[in-house]
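Peer 1: See run21.cif below, with mmCIF, C-alpha atoms and all ligand atoms.
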```
data_start
loop_
_atom_site.group_PDB
_atom_site.id
_atom_site.type_symbol
_atom_site.label_atom_id
_atom_site.label_comp_id
_atom_site.auth_asym_id
_atom_site.auth_seq_id
_atom_site.Cartn_x
_atom_site.Cartn_y
_atom_site.Cartn_z
ATOM 1 C CA MET A 1 76.274 -65.474 -76.776
ATOM 2 C CA PRO A 2 75.590 -63.102 -75.065
ATOM 3 C CA TYR A 3 72.112 -64.467 -74.219
ATOM 4 C CA LEU A 4 73.506 -67.791 -73.075
ATOM 5 C CA GLN A 5 75.159 -65.911 -70.240
ATOM 6 C CA VAL A 6 71.721 -64.946 -68.933
ATOM 7 C CA LEU A 7 69.865 -68.133 -69.732
ATOM 8 C CA THR A 8 72.308 -70.393 -67.910
ATOM 9 C CA TYR A 9 73.982 -67.877 -65.623
ATOM 10 C CA PRO A 10 76.758 -67.989 -64.423
ATOM 11 C CA ARG A 11 78.135 -70.537 -66.940
ATOM 12 C CA PRO A 12 77.132 -70.602 -70.608
ATOM 13 C CA ASN A 13 75.877 -74.089 -71.451
ATOM 14 C CA LEU A 14 74.302 -74.755 -74.816
ATOM 15 C CA THR A 15 72.659 -78.073 -73.935
ATOM 16 C CA VAL A 16 70.968 -76.652 -70.847
ATOM 17 C CA ALA A 17 70.018 -73.516 -72.770
ATOM 18 C CA ARG A 18 68.224 -75.601 -75.432
ATOM 19 C CA ALA A 19 66.150 -77.361 -72.771
ATOM 20 C CA ARG A 20 65.365 -74.013 -71.185
ATOM 21 C CA LEU A 21 64.278 -72.487 -74.481
ATOM 22 C CA LYS A 22 61.723 -75.275 -74.826
ATOM 23 C CA GLN A 23 60.346 -74.397 -71.397
ATOM 24 C CA LEU A 24 60.072 -70.744 -72.391
ATOM 25 C CA GLN A 25 58.081 -71.698 -75.473
ATOM 26 C CA LYS A 26 55.725 -73.827 -73.396
ATOM 27 C CA LEU A 27 55.227 -70.936 -70.997
ATOM 28 C CA GLY A 28 54.197 -68.778 -73.955
ATOM 29 C CA VAL A 29 57.100 -66.371 -73.705
ATOM 30 C CA THR A 30 57.412 -64.589 -77.036
ATOM 31 C CA HIS A 31 60.019 -61.965 -76.168
ATOM 32 C CA VAL A 32 62.647 -61.376 -73.544
ATOM 33 C CA SER A 33 64.074 -57.887 -73.236
ATOM 34 C CA PHE A 34 67.132 -56.605 -71.500
ATOM 35 C CA GLY A 35 66.468 -53.285 -69.833
ATOM 36 C CA GLY A 36 67.451 -52.468 -66.305
ATOM 37 C CA ARG A 37 70.267 -51.081 -64.247
ATOM 38 C CA THR A 38 71.759 -54.431 -63.217
ATOM 39 C CA LYS A 39 73.976 -55.792 -65.989
ATOM 40 C CA ILE A 40 75.466 -59.044 -67.164
ATOM 41 C CA GLY A 41 77.919 -57.873 -69.772
ATOM 42 C CA ARG A 42 75.889 -55.401 -71.815
ATOM 43 C CA LEU A 43 72.524 -56.981 -71.082
ATOM 44 C CA GLY A 44 70.318 -55.170 -68.582
ATOM 45 C CA LEU A 45 68.357 -57.167 -66.015
ATOM 46 C CA VAL A 46 65.450 -56.416 -63.710
ATOM 47 C CA GLY A 47 67.429 -57.899 -60.857
ATOM 48 C CA ILE A 48 69.795 -60.558 -59.678
ATOM 49 C CA GLY A 49 69.443 -62.726 -56.585
ATOM 50 C CA THR A 50 71.307 -65.579 -54.990
ATOM 51 C CA VAL A 51 69.375 -68.335 -56.722
ATOM 52 C CA SER A 52 67.944 -66.592 -59.754
ATOM 53 C CA ILE A 53 68.038 -63.680 -62.127
ATOM 54 C CA VAL A 54 65.032 -61.690 -63.275
ATOM 55 C CA VAL A 55 64.439 -60.233 -66.744
ATOM 56 C CA ARG A 56 61.518 -58.688 -68.618
ATOM 57 C CA ALA A 57 59.496 -61.023 -70.769
ATOM 58 C CA THR A 58 56.384 -60.783 -72.911
ATOM 59 C CA VAL A 59 53.522 -63.284 -72.738
ATOM 60 C CA ASP A 60 50.240 -62.694 -74.603
ATOM 61 C CA GLY A 61 51.466 -59.189 -75.366
ATOM 62 C CA GLU A 62 51.830 -58.407 -71.638
ATOM 63 C CA GLU A 63 55.084 -57.568 -69.966
ATOM 64 C CA ARG A 64 56.015 -59.854 -67.074
ATOM 65 C CA ALA A 65 58.939 -60.512 -64.773
ATOM 66 C CA LEU A 66 60.639 -63.766 -65.716
ATOM 67 C CA LYS A 67 62.546 -65.359 -62.867
ATOM 68 C CA ILE A 68 65.283 -67.658 -64.212
ATOM 69 C CA ARG A 69 66.792 -70.322 -61.997
ATOM 70 C CA ARG A 70 70.537 -69.855 -61.795
ATOM 71 C CA TYR A 71 72.542 -72.747 -63.122
ATOM 72 C CA ASP A 72 74.459 -72.795 -59.812
ATOM 73 C CA ALA A 73 71.321 -72.554 -57.642
ATOM 74 C CA ASN A 74 71.102 -74.856 -54.665
ATOM 75 C CA ARG A 75 67.530 -75.883 -55.449
ATOM 76 C CA SER A 76 66.198 -78.259 -58.013
ATOM 77 C CA SER A 77 63.323 -76.270 -59.496
ATOM 78 C CA MET A 78 61.108 -73.199 -59.287
ATOM 79 C CA TYR A 79 58.028 -75.219 -58.387
ATOM 80 C CA GLU A 80 58.158 -74.805 -54.611
ATOM 81 C CA GLU A 81 58.572 -71.045 -54.845
ATOM 82 C CA TYR A 82 55.715 -70.928 -57.343
ATOM 83 C CA ARG A 83 53.504 -72.912 -54.993
ATOM 84 C CA LEU A 84 54.279 -70.713 -51.973
ATOM 85 C CA THR A 85 53.899 -67.487 -53.951
ATOM 86 C CA GLY A 86 50.497 -68.792 -55.032
ATOM 87 C CA VAL A 87 49.508 -69.347 -51.405
ATOM 88 C CA ALA A 88 50.436 -65.723 -50.629
ATOM 89 C CA ASN A 89 48.631 -64.495 -53.758
ATOM 90 C CA ARG A 90 45.437 -66.192 -52.619
ATOM 91 C CA VAL A 91 45.294 -63.843 -49.621
ATOM 92 C CA GLY A 92 46.152 -60.905 -51.863
ATOM 93 C CA VAL A 93 49.832 -60.690 -50.995
ATOM 94 C CA GLY A 94 52.930 -60.675 -53.209
ATOM 95 C CA ALA A 95 53.711 -60.004 -56.840
ATOM 96 C CA TYR A 96 51.319 -62.314 -58.700
ATOM 97 C CA ALA A 97 52.800 -65.586 -59.973
ATOM 98 C CA TYR A 98 51.260 -66.693 -63.287
ATOM 99 C CA SER A 99 53.059 -69.912 -64.136
ATOM 100 C CA ALA A 100 56.253 -71.862 -63.704
ATOM 101 C CA SER A 101 58.376 -74.560 -65.241
ATOM 102 C CA ARG A 102 61.391 -76.327 -63.818
ATOM 103 C CA ASP A 103 63.712 -73.382 -64.422
ATOM 104 C CA PHE A 104 61.383 -70.384 -64.738
ATOM 105 C CA MET A 105 58.620 -68.497 -63.006
ATOM 106 C CA LEU A 106 56.493 -65.817 -64.648
ATOM 107 C CA MET A 107 55.387 -63.050 -62.339
ATOM 108 C CA GLN A 108 53.713 -59.694 -62.303
ATOM 109 C CA LEU A 109 56.377 -57.122 -63.127
ATOM 110 C CA VAL A 110 56.464 -54.625 -60.280
ATOM 111 C CA GLU A 111 58.144 -51.409 -61.311
ATOM 112 C CA GLY A 112 59.172 -49.257 -58.421
ATOM 113 C CA GLU A 113 61.800 -48.592 -55.835
ATOM 114 C CA GLU A 114 63.144 -49.837 -52.536
ATOM 115 C CA ILE A 115 61.073 -48.928 -49.505
ATOM 116 C CA GLU A 116 63.764 -46.850 -47.830
ATOM 117 C CA ASP A 117 64.372 -44.801 -50.992
ATOM 118 C CA HIS A 118 60.623 -44.350 -51.312
ATOM 119 C CA PHE A 119 60.319 -43.085 -47.728
ATOM 120 C CA ARG A 120 63.189 -40.667 -48.276
ATOM 121 C CA ALA A 121 61.518 -39.253 -51.372
ATOM 122 C CA ILE A 122 58.336 -38.416 -49.444
ATOM 123 C CA ARG A 123 58.382 -34.885 -48.103
ATOM 124 C CA GLY A 124 56.247 -31.861 -47.347
ATOM 125 C CA VAL A 125 52.699 -31.693 -46.042
ATOM 126 C CA GLY A 126 51.188 -35.100 -45.390
ATOM 127 C CA THR A 127 54.493 -36.950 -45.077
ATOM 128 C CA ARG A 128 53.633 -38.546 -41.741
ATOM 129 C CA GLY A 129 50.237 -39.755 -42.926
ATOM 130 C CA ARG A 130 51.653 -41.278 -46.098
ATOM 131 C CA VAL A 131 54.519 -43.079 -44.374
ATOM 132 C CA ARG A 132 52.128 -44.340 -41.717
ATOM 133 C CA GLU A 133 49.721 -45.597 -44.379
ATOM 134 C CA ILE A 134 52.480 -47.438 -46.232
ATOM 135 C CA ILE A 135 53.622 -49.128 -43.015
ATOM 136 C CA HIS A 136 50.030 -50.011 -42.234
ATOM 137 C CA ARG A 137 49.589 -51.600 -45.675
ATOM 138 C CA LEU A 138 52.813 -53.564 -45.408
ATOM 139 C CA LEU A 139 52.099 -54.771 -41.879
ATOM 140 C CA ASN A 140 48.579 -55.807 -42.927
ATOM 141 C CA GLN A 141 50.111 -57.928 -45.684
ATOM 142 C CA CYS A 142 52.468 -59.471 -43.136
ATOM 143 C CA ARG A 143 49.523 -60.058 -40.827
ATOM 144 C CA LYS A 144 47.679 -61.926 -43.592
ATOM 145 C CA LEU A 145 50.699 -64.164 -44.074
ATOM 146 C CA ASP A 146 50.974 -64.736 -40.312
ATOM 147 C CA LEU A 147 47.317 -65.763 -40.207
ATOM 148 C CA ILE A 148 47.856 -68.494 -42.816
ATOM 149 C CA ALA A 149 51.169 -69.499 -41.178
ATOM 150 C CA LEU A 150 53.181 -68.688 -44.291
ATOM 151 C CA ASP A 151 56.523 -67.408 -43.084
ATOM 152 C CA HIS A 152 58.321 -65.405 -45.782
ATOM 153 C CA GLY A 153 61.689 -65.992 -44.158
ATOM 154 C CA GLN A 154 63.587 -62.964 -45.419
ATOM 155 C CA LEU A 155 61.679 -59.928 -44.245
ATOM 156 C CA SER A 156 64.580 -58.876 -42.045
ATOM 157 C CA ASP A 157 65.894 -57.284 -45.231
ATOM 158 C CA LEU A 158 62.941 -55.363 -46.617
ATOM 159 C CA ARG A 159 65.234 -53.473 -48.956
ATOM 160 C CA LYS A 160 65.508 -56.543 -51.134
ATOM 161 C CA HIS A 161 62.107 -58.060 -50.522
ATOM 162 C CA VAL A 162 59.638 -55.232 -50.919
ATOM 163 C CA ILE A 163 59.150 -53.183 -54.067
ATOM 164 C CA MET A 164 57.158 -49.961 -53.735
ATOM 165 C CA ALA A 165 54.928 -49.254 -56.741
ATOM 166 C CA GLY A 166 53.968 -45.737 -55.757
ATOM 167 C CA ASP A 167 52.661 -46.062 -52.205
ATOM 168 C CA GLU A 168 51.702 -49.717 -52.664
ATOM 169 C CA PRO A 169 54.143 -52.267 -51.240
ATOM 170 C CA TYR A 170 54.684 -55.588 -53.013
ATOM 171 C CA ILE A 171 56.409 -58.405 -51.178
ATOM 172 C CA ILE A 172 58.614 -60.475 -53.498
ATOM 173 C CA ASP A 173 60.817 -63.549 -53.348
ATOM 174 C CA PHE A 174 59.086 -66.390 -51.479
ATOM 175 C CA GLU A 175 62.129 -68.534 -52.216
ATOM 176 C CA SER A 176 62.959 -69.035 -48.498
ATOM 177 C CA SER A 177 59.345 -69.283 -47.357
ATOM 178 C CA GLY A 178 57.756 -72.080 -45.456
ATOM 179 C CA ILE A 179 54.314 -73.075 -44.283
ATOM 180 C CA GLY A 180 53.600 -74.412 -40.834
ATOM 181 C CA ARG A 181 56.615 -73.073 -39.003
ATOM 182 C CA THR A 182 56.030 -70.150 -36.636
ATOM 183 C CA PRO A 183 55.358 -67.176 -38.905
ATOM 184 C CA LYS A 184 57.443 -64.131 -38.101
ATOM 185 C CA ASN A 185 56.331 -61.749 -40.809
ATOM 186 C CA VAL A 186 54.816 -58.973 -38.710
ATOM 187 C CA THR A 187 57.505 -59.073 -36.039
ATOM 188 C CA THR A 188 60.391 -59.244 -38.509
ATOM 189 C CA ALA A 189 59.108 -56.463 -40.782
ATOM 190 C CA ALA A 190 58.207 -54.218 -37.828
ATOM 191 C CA GLN A 191 61.566 -54.831 -36.190
ATOM 192 C CA HIS A 192 63.277 -53.784 -39.439
ATOM 193 C CA LEU A 193 61.122 -50.717 -40.042
ATOM 194 C CA LEU A 194 60.836 -49.414 -36.498
ATOM 195 C CA ILE A 195 63.451 -50.869 -34.178
ATOM 196 C CA GLY A 196 66.731 -51.962 -35.664
ATOM 197 C CA GLY A 197 66.712 -51.860 -39.452
ATOM 198 C CA ARG A 198 68.354 -49.213 -41.594
ATOM 199 C CA PRO A 199 65.295 -46.991 -41.997
ATOM 200 C CA ALA A 200 64.156 -47.357 -38.357
ATOM 201 C CA SER A 201 65.383 -44.092 -36.847
ATOM 202 C CA MET A 202 64.141 -42.094 -39.838
ATOM 203 C CA VAL A 203 60.757 -43.822 -39.740
ATOM 204 C CA ARG A 204 60.377 -43.209 -35.992
ATOM 205 C CA ARG A 205 61.214 -39.542 -36.465
ATOM 206 C CA VAL A 206 58.692 -39.147 -39.276
ATOM 207 C CA LEU A 207 55.980 -40.912 -37.280
ATOM 208 C CA GLY A 208 56.773 -38.915 -34.132
ATOM 209 C CA ILE A 209 57.672 -41.997 -32.085
ATOM 210 C CA LYS A 210 60.009 -40.777 -29.343
ATOM 211 C CA SER A 211 60.953 -44.119 -27.838
ATOM 212 C CA TYR A 212 60.736 -47.545 -29.407
ATOM 213 C CA GLU A 213 60.109 -49.272 -26.076
ATOM 214 C CA PRO A 214 56.300 -49.285 -26.391
ATOM 215 C CA VAL A 215 56.619 -50.662 -29.947
ATOM 216 C CA LEU A 216 59.038 -53.341 -28.792
ATOM 217 C CA ASP A 217 56.733 -54.293 -25.916
ATOM 218 C CA ALA A 218 53.804 -54.569 -28.318
ATOM 219 C CA LEU A 219 55.906 -56.747 -30.634
ATOM 220 C CA LYS A 220 56.832 -59.060 -27.781
ATOM 221 C CA ARG A 221 53.196 -59.345 -26.799
ATOM 222 C CA TYR A 222 52.225 -60.098 -30.402
ATOM 223 C CA LYS A 223 54.975 -62.693 -30.628
ATOM 224 C CA ARG A 224 53.600 -64.508 -27.558
ATOM 225 C CA ASP A 225 50.014 -64.336 -28.740
ATOM 226 C CA MET A 226 49.259 -63.398 -32.352
ATOM 227 C CA SER A 227 45.691 -62.346 -31.583
ATOM 228 C CA ASP A 228 43.774 -59.660 -33.478
ATOM 229 C CA GLU A 229 43.777 -57.643 -30.278
ATOM 230 C CA ASN A 230 47.564 -57.713 -29.949
ATOM 231 C CA TYR A 231 47.953 -56.822 -33.612
ATOM 232 C CA VAL A 232 45.690 -53.786 -33.171
ATOM 233 C CA LEU A 233 47.621 -52.771 -30.027
ATOM 234 C CA LEU A 234 50.830 -52.911 -32.053
ATOM 235 C CA LEU A 235 49.309 -50.663 -34.719
ATOM 236 C CA ASN A 236 48.178 -48.268 -32.002
ATOM 237 C CA THR A 237 51.772 -47.782 -30.829
ATOM 238 C CA LEU A 238 52.488 -46.491 -34.366
ATOM 239 C CA GLY A 239 49.582 -44.055 -34.228
ATOM 240 C CA ILE A 240 47.490 -46.239 -36.502
ATOM 241 C CA THR A 241 43.882 -46.509 -35.394
ATOM 242 C CA THR A 242 41.604 -49.012 -37.020
HETATM 243 N N1 LIG B 301 58.067 -59.496 -59.686
HETATM 244 C C1 LIG B 301 59.123 -58.684 -59.774
HETATM 245 N N2 LIG B 301 59.016 -57.469 -60.352
HETATM 246 C C2 LIG B 301 60.086 -56.644 -60.460
HETATM 247 N N3 LIG B 301 61.316 -56.947 -60.013
HETATM 248 C C3 LIG B 301 61.502 -58.141 -59.432
HETATM 249 C C4 LIG B 301 60.433 -59.060 -59.261
HETATM 250 N N4 LIG B 301 60.910 -60.166 -58.634
HETATM 251 C C5 LIG B 301 62.218 -59.930 -58.417
HETATM 252 N N5 LIG B 301 62.592 -58.723 -58.883
HETATM 253 C C6 LIG B 301 63.950 -58.143 -58.842
HETATM 254 O O1 LIG B 301 64.906 -59.167 -59.020
HETATM 255 C C7 LIG B 301 65.770 -59.273 -57.888
HETATM 256 C C8 LIG B 301 66.060 -60.739 -57.593
HETATM 257 O O2 LIG B 301 64.858 -61.408 -57.319
HETATM 258 P P1 LIG B 301 64.703 -62.360 -56.050
HETATM 259 O O3 LIG B 301 63.293 -62.867 -56.082
HETATM 260 O O4 LIG B 301 65.133 -61.673 -54.807
HETATM 261 O O5 LIG B 301 65.721 -63.534 -56.425
HETATM 262 P P2 LIG B 301 66.354 -64.678 -55.497
HETATM 263 O O6 LIG B 301 65.253 -65.665 -55.212
HETATM 264 O O7 LIG B 301 67.457 -65.237 -56.324
HETATM 265 O O8 LIG B 301 66.844 -64.025 -54.244
HETATM 266 C C9 LIG B 301 65.033 -58.554 -56.765
HETATM 267 O O9 LIG B 301 65.906 -57.996 -55.838
HETATM 268 C C10 LIG B 301 64.254 -57.494 -57.511
HETATM 269 O O10 LIG B 301 65.081 -56.372 -57.753
HETATM 270 MG MG MG B 302 66.254 -63.160 -52.813
#
```
So, in terms of structure tokens, how does the structure I just supplied come out?
Peer 2:
Amino acid sequence: MPYLQVLTYPRPNLTVARARLKQLQKLGVTHVSFGGRTKIGRLGLVGIGTVSIVVRATVDGEERALKIRRYDANRSSMYEEYRLTGVANRVGVGAYAYSASRDFMLMQLVEGEEIEDHFRAIRGVGTRGRVREIIHRLLNQCRKLDLIALDHGQLSDLRKHVIMAGDEPYIIDFESSGIGRTPKNVTTAAQHLLIGGRPASMVRRVLGIKSYEPVLDALKRYKRDMSDENYVLLLNTLGITT
């Protein structure tokens, strides 16, 4: 204690913790540190999710994000998430996944803020261009995932699934992803950002979009036919020219 509370969250379990420590050694983790606003007792975390908790760890002298499978998680290992994150990484999307064991995944540590907070912090000359560029970057990442039929599955809540490192968006948490099903990354992210999500009205105002009808029409067209042409037409409704 208190580290057992993190290692086998939410129930301390010494036997499980011993097995997990062995995995950490195999993964080359030399240090775990507890900084961050989210807390378990007095220990700070990078974040907490429904199936895992994330802490800072050191491997080869480099700081990484260590995703720990919760002891009460409704999935048997981290391997599937590791595999799917790797698929996204191969097209240049997502926080990079380095390695995994049954109960852990080591990832690139992305330090930043939620996308809505980031948008709100942008002001002054050039605001529209910057916000537009960020949306363009994020939609391009979603487009890449659509093209390989990797559906993230949770982009309806970008607040939790995108971390902004400066103006660069990183998609995280491929835990609910799937390959082969109809990918809805572009449509889901755009719907959140521009139509019905929390930041939508602010984003439309900043971009000078008076009505979302043309955007919605373009999204419907893209949904029917995910062609390059329809993707470009969608971008055009946001004032993005390619
Ligand atoms: N690679 C990362 N870098 C920095 N923070 C991360 C990273 N991955 C996850 N987090 C943080 O940890 C939280 C929980 O991670 P998440 O992947 O959403 O877990 P879960 O699969 O349990 O939903 C996230 O909301 C985020 O704040
Ligand atoms: Mg999650």
Peer 1: Write out as a tab-separated table a residue-level contact list of chain A versus ligand LIG 301 (chain B) with cut-off 7 Å: for each qualifying residue the closest pair of atoms and the distance in Å to one decimal, counting all atoms listed in the file, rows sorted by chain and residue number upward.
Peer 2:
```
residue	atom	partner	partner_atom	distance
A:Val46	CA	B:LIG301	C6	5.4
A:Gly47	CA	B:LIG301	O1	3.4
A:Ile48	CA	B:LIG301	C8	4.3
A:Gly49	CA	B:LIG301	O7	3.2
A:Thr50	CA	B:LIG301	O7	4.1
A:Val51	CA	B:LIG301	O7	3.7
A:Ser52	CA	B:LIG301	O7	3.7
A:Ile53	CA	B:LIG301	C8	5.8
A:Val54	CA	B:LIG301	O1	4.9
A:Ala65	CA	B:LIG301	N1	5.3
A:Lys67	CA	B:LIG301	N4	6.9
A:Ala95	CA	B:LIG301	N1	5.2
A:Met107	CA	B:LIG301	N1	5.2
A:Gln108	CA	B:LIG301	N1	5.1
A:Leu109	CA	B:LIG301	N2	3.8
A:Val110	CA	B:LIG301	N2	3.8
A:Glu111	CA	B:LIG301	C2	5.6
A:Lys160	CA	B:LIG301	O9	4.9
A:His161	CA	B:LIG301	O4	6.4
A:Ile172	CA	B:LIG301	N4	5.6
A:Asp173	CA	B:LIG301	O3	3.8
A:Glu175	CA	B:LIG301	O6	5.2
```
Peer 1: Pull C-alpha atoms from the residues just selected and write them as an mmCIF file, in the coordinates of the input.
Peer 2:
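After the write, again.cif holds the following:
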```cif
data_model
loop_
_atom_site.group_PDB
_atom_site.id
_atom_site.type_symbol
_atom_site.label_atom_id
_atom_site.label_comp_id
_atom_site.auth_asym_id
_atom_site.auth_seq_id
_atom_site.Cartn_x
_atom_site.Cartn_y
_atom_site.Cartn_z
ATOM 1 C CA VAL A 46 65.450 -56.416 -63.710
ATOM 2 C CA GLY A 47 67.429 -57.899 -60.857
ATOM 3 C CA ILE A 48 69.795 -60.558 -59.678
ATOM 4 C CA GLY A 49 69.443 -62.726 -56.585
ATOM 5 C CA THR A 50 71.307 -65.579 -54.990
ATOM 6 C CA VAL A 51 69.375 -68.335 -56.722
ATOM 7 C CA SER A 52 67.944 -66.592 -59.754
ATOM 8 C CA ILE A 53 68.038 -63.680 -62.127
ATOM 9 C CA VAL A 54 65.032 -61.690 -63.275
ATOM 10 C CA ALA A 65 58.939 -60.512 -64.773
ATOM 11 C CA LYS A 67 62.546 -65.359 -62.867
ATOM 12 C CA ALA A 95 53.711 -60.004 -56.840
ATOM 13 C CA MET A 107 55.387 -63.050 -62.339
ATOM 14 C CA GLN A 108 53.713 -59.694 -62.303
ATOM 15 C CA LEU A 109 56.377 -57.122 -63.127
ATOM 16 C CA VAL A 110 56.464 -54.625 -60.280
ATOM 17 C CA GLU A 111 58.144 -51.409 -61.311
ATOM 18 C CA LYS A 160 65.508 -56.543 -51.134
ATOM 19 C CA HIS A 161 62.107 -58.060 -50.522
ATOM 20 C CA ILE A 172 58.614 -60.475 -53.498
ATOM 21 C CA ASP A 173 60.817 -63.549 -53.348
ATOM 22 C CA GLU A 175 62.129 -68.534 -52.216
#
```
Peer 1: With distances taken over only C-alpha atoms and all ligand atoms, which residue among A:Gly166, A:Gly153, A:Pro214, A:Gly178 lies nearest ligand MG 302 (chain B)?
Peer 2: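 Closest to ligand MG 302 (chain B) of all the choices is A:Gly153.
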Peer 1: Between atom CA of A:Phe34 and atom CA of A:Ser177, what is the distance in Å, rounded to a tenth?
Peer 2: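 Interatomic distance here is 28.4 Å.
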Peer 1: Show me, as a PyMOL selection string, the residues that have an atom within 12 Å of A:Val59 when counting only C-alpha atoms, minus same-chain residues fewer than 4 positions from it.
Peer 2: chain A and resi 24-33+63-66+98-99+106-109
Peer 1: Run the PyMOL selection byres (((chain A and resi 233) around 12) and not hetatm) on the file and write out the hits as an NGL selection string.
Peer 2: :A and (214-222 or 225-232 or 234-242)
Peer 1: Smallest atom-to-atom distance to A:Ile135: which of A:Met78, A:Ile68, A:Ile115, A:Leu21, using all atoms listed in the file?
Peer 2: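 Residue with the minimum atom-to-atom distance to A:Ile135: A:Ile115.
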Peer 1: With distances taken over all atoms listed in the file, which residue among A:Ala73, A:Leu150, A:Ala190, A:Leu43 lies nearest ligand MG 302 (chain B)?
Peer 2: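 Using all atoms listed in the file, the shortest distance to ligand MG 302 (chain B) belongs to A:Ala73.
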Peer 1: Mind listing whatever residues come within 9 Å of the point (58.9, -54.3, -39.8)? Use only C-alpha atoms, file coordinates, and give them as a count of residues only.
Peer 2: 20
Peer 1: Using the chain letters and numbers from the file, give me the residues hit by the PyMOL selection byres (((chain A and resi 8) around 9) and not hetatm), as a PyMOL selection string.
Peer 2: chain A and resi 3-7+9-14+16-17+20+68-72
Peer 1: Quick check, in Å to one decimal: how far apart do atom CA of A:Lys184 and atom CA of A:Asp151 lie?
Peer 2: 6.0 Å
Peer 1: Selection in question (the file shown): the PyMOL selection byres (((chain A and resi 85) around 9) and not hetatm). Which residues does it include, as JSON, numbers by chain?
Peer 2: {"A": [80, 81, 82, 83, 84, 86, 87, 88, 89, 90, 93, 94, 95, 96, 97, 172, 173, 174, 175, 177]}
Peer 1: Do you know which residues lie at most 9 Å from (45.5, -61.4, -45.8), with coordinates as in the file and all atoms listed in the file counted, and could you write them as a list of chain:residue names?
Peer 2: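 Every residue inside that radius is included here: A:Ala88, A:Arg90, A:Val91, A:Gly92, A:Val93, A:Asn140, A:Gln141, A:Cys142, A:Arg143, A:Lys144, A:Leu145, A:Asp146, A:Leu147, A:Ile148.
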Peer 1: If we count only C-alpha atoms and set the cut-off at 12 Å, which residues sit around A:Asp167, ignoring sequence neighbours fewer than 6 positions away in its own chain? Please answer as a CSV table (one decimal) with C-alpha atoms, in the coordinates of the input.
Peer 2:
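Ended up saving to around_1.csv:
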```
chain,number,residue,atom,x,y,z
A,111,GLU,CA,58.1,-51.4,-61.3
A,112,GLY,CA,59.2,-49.3,-58.4
A,113,GLU,CA,61.8,-48.6,-55.8
A,114,GLU,CA,63.1,-49.8,-52.5
A,115,ILE,CA,61.1,-48.9,-49.5
A,116,GLU,CA,63.8,-46.8,-47.8
A,117,ASP,CA,64.4,-44.8,-51.0
A,118,HIS,CA,60.6,-44.4,-51.3
A,119,PHE,CA,60.3,-43.1,-47.7
A,121,ALA,CA,61.5,-39.3,-51.4
A,122,ILE,CA,58.3,-38.4,-49.4
A,127,THR,CA,54.5,-37.0,-45.1
A,129,GLY,CA,50.2,-39.8,-42.9
A,130,ARG,CA,51.7,-41.3,-46.1
A,131,VAL,CA,54.5,-43.1,-44.4
A,132,ARG,CA,52.1,-44.3,-41.7
A,133,GLU,CA,49.7,-45.6,-44.4
A,134,ILE,CA,52.5,-47.4,-46.2
A,135,ILE,CA,53.6,-49.1,-43.0
A,136,HIS,CA,50.0,-50.0,-42.2
A,137,ARG,CA,49.6,-51.6,-45.7
A,138,LEU,CA,52.8,-53.6,-45.4
```
Peer 1: The centre and edge lengths of an axis-aligned box containing all atoms of stretch 156-167 of chain A present in the file, extended by 4 Å on each side, are to be given in Å to one decimal, as AutoDock Vina command-line options.
Peer 2:
```
--center_x 59.3 --center_y -52.3 --center_z -49.4 --size_x 21.2 --size_y 21.1 --size_z 22.7
```
Peer 1: Using only C-alpha atoms and all ligand atoms, pick whichever of A:Glu62, A:Glu168, A:Asp157, A:Glu213 has the shortest atom-to-atom distance to ligand MG 302 (chain B).
Peer 2: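 Distance minimum relative to ligand MG 302 (chain B) lands on A:Asp157.
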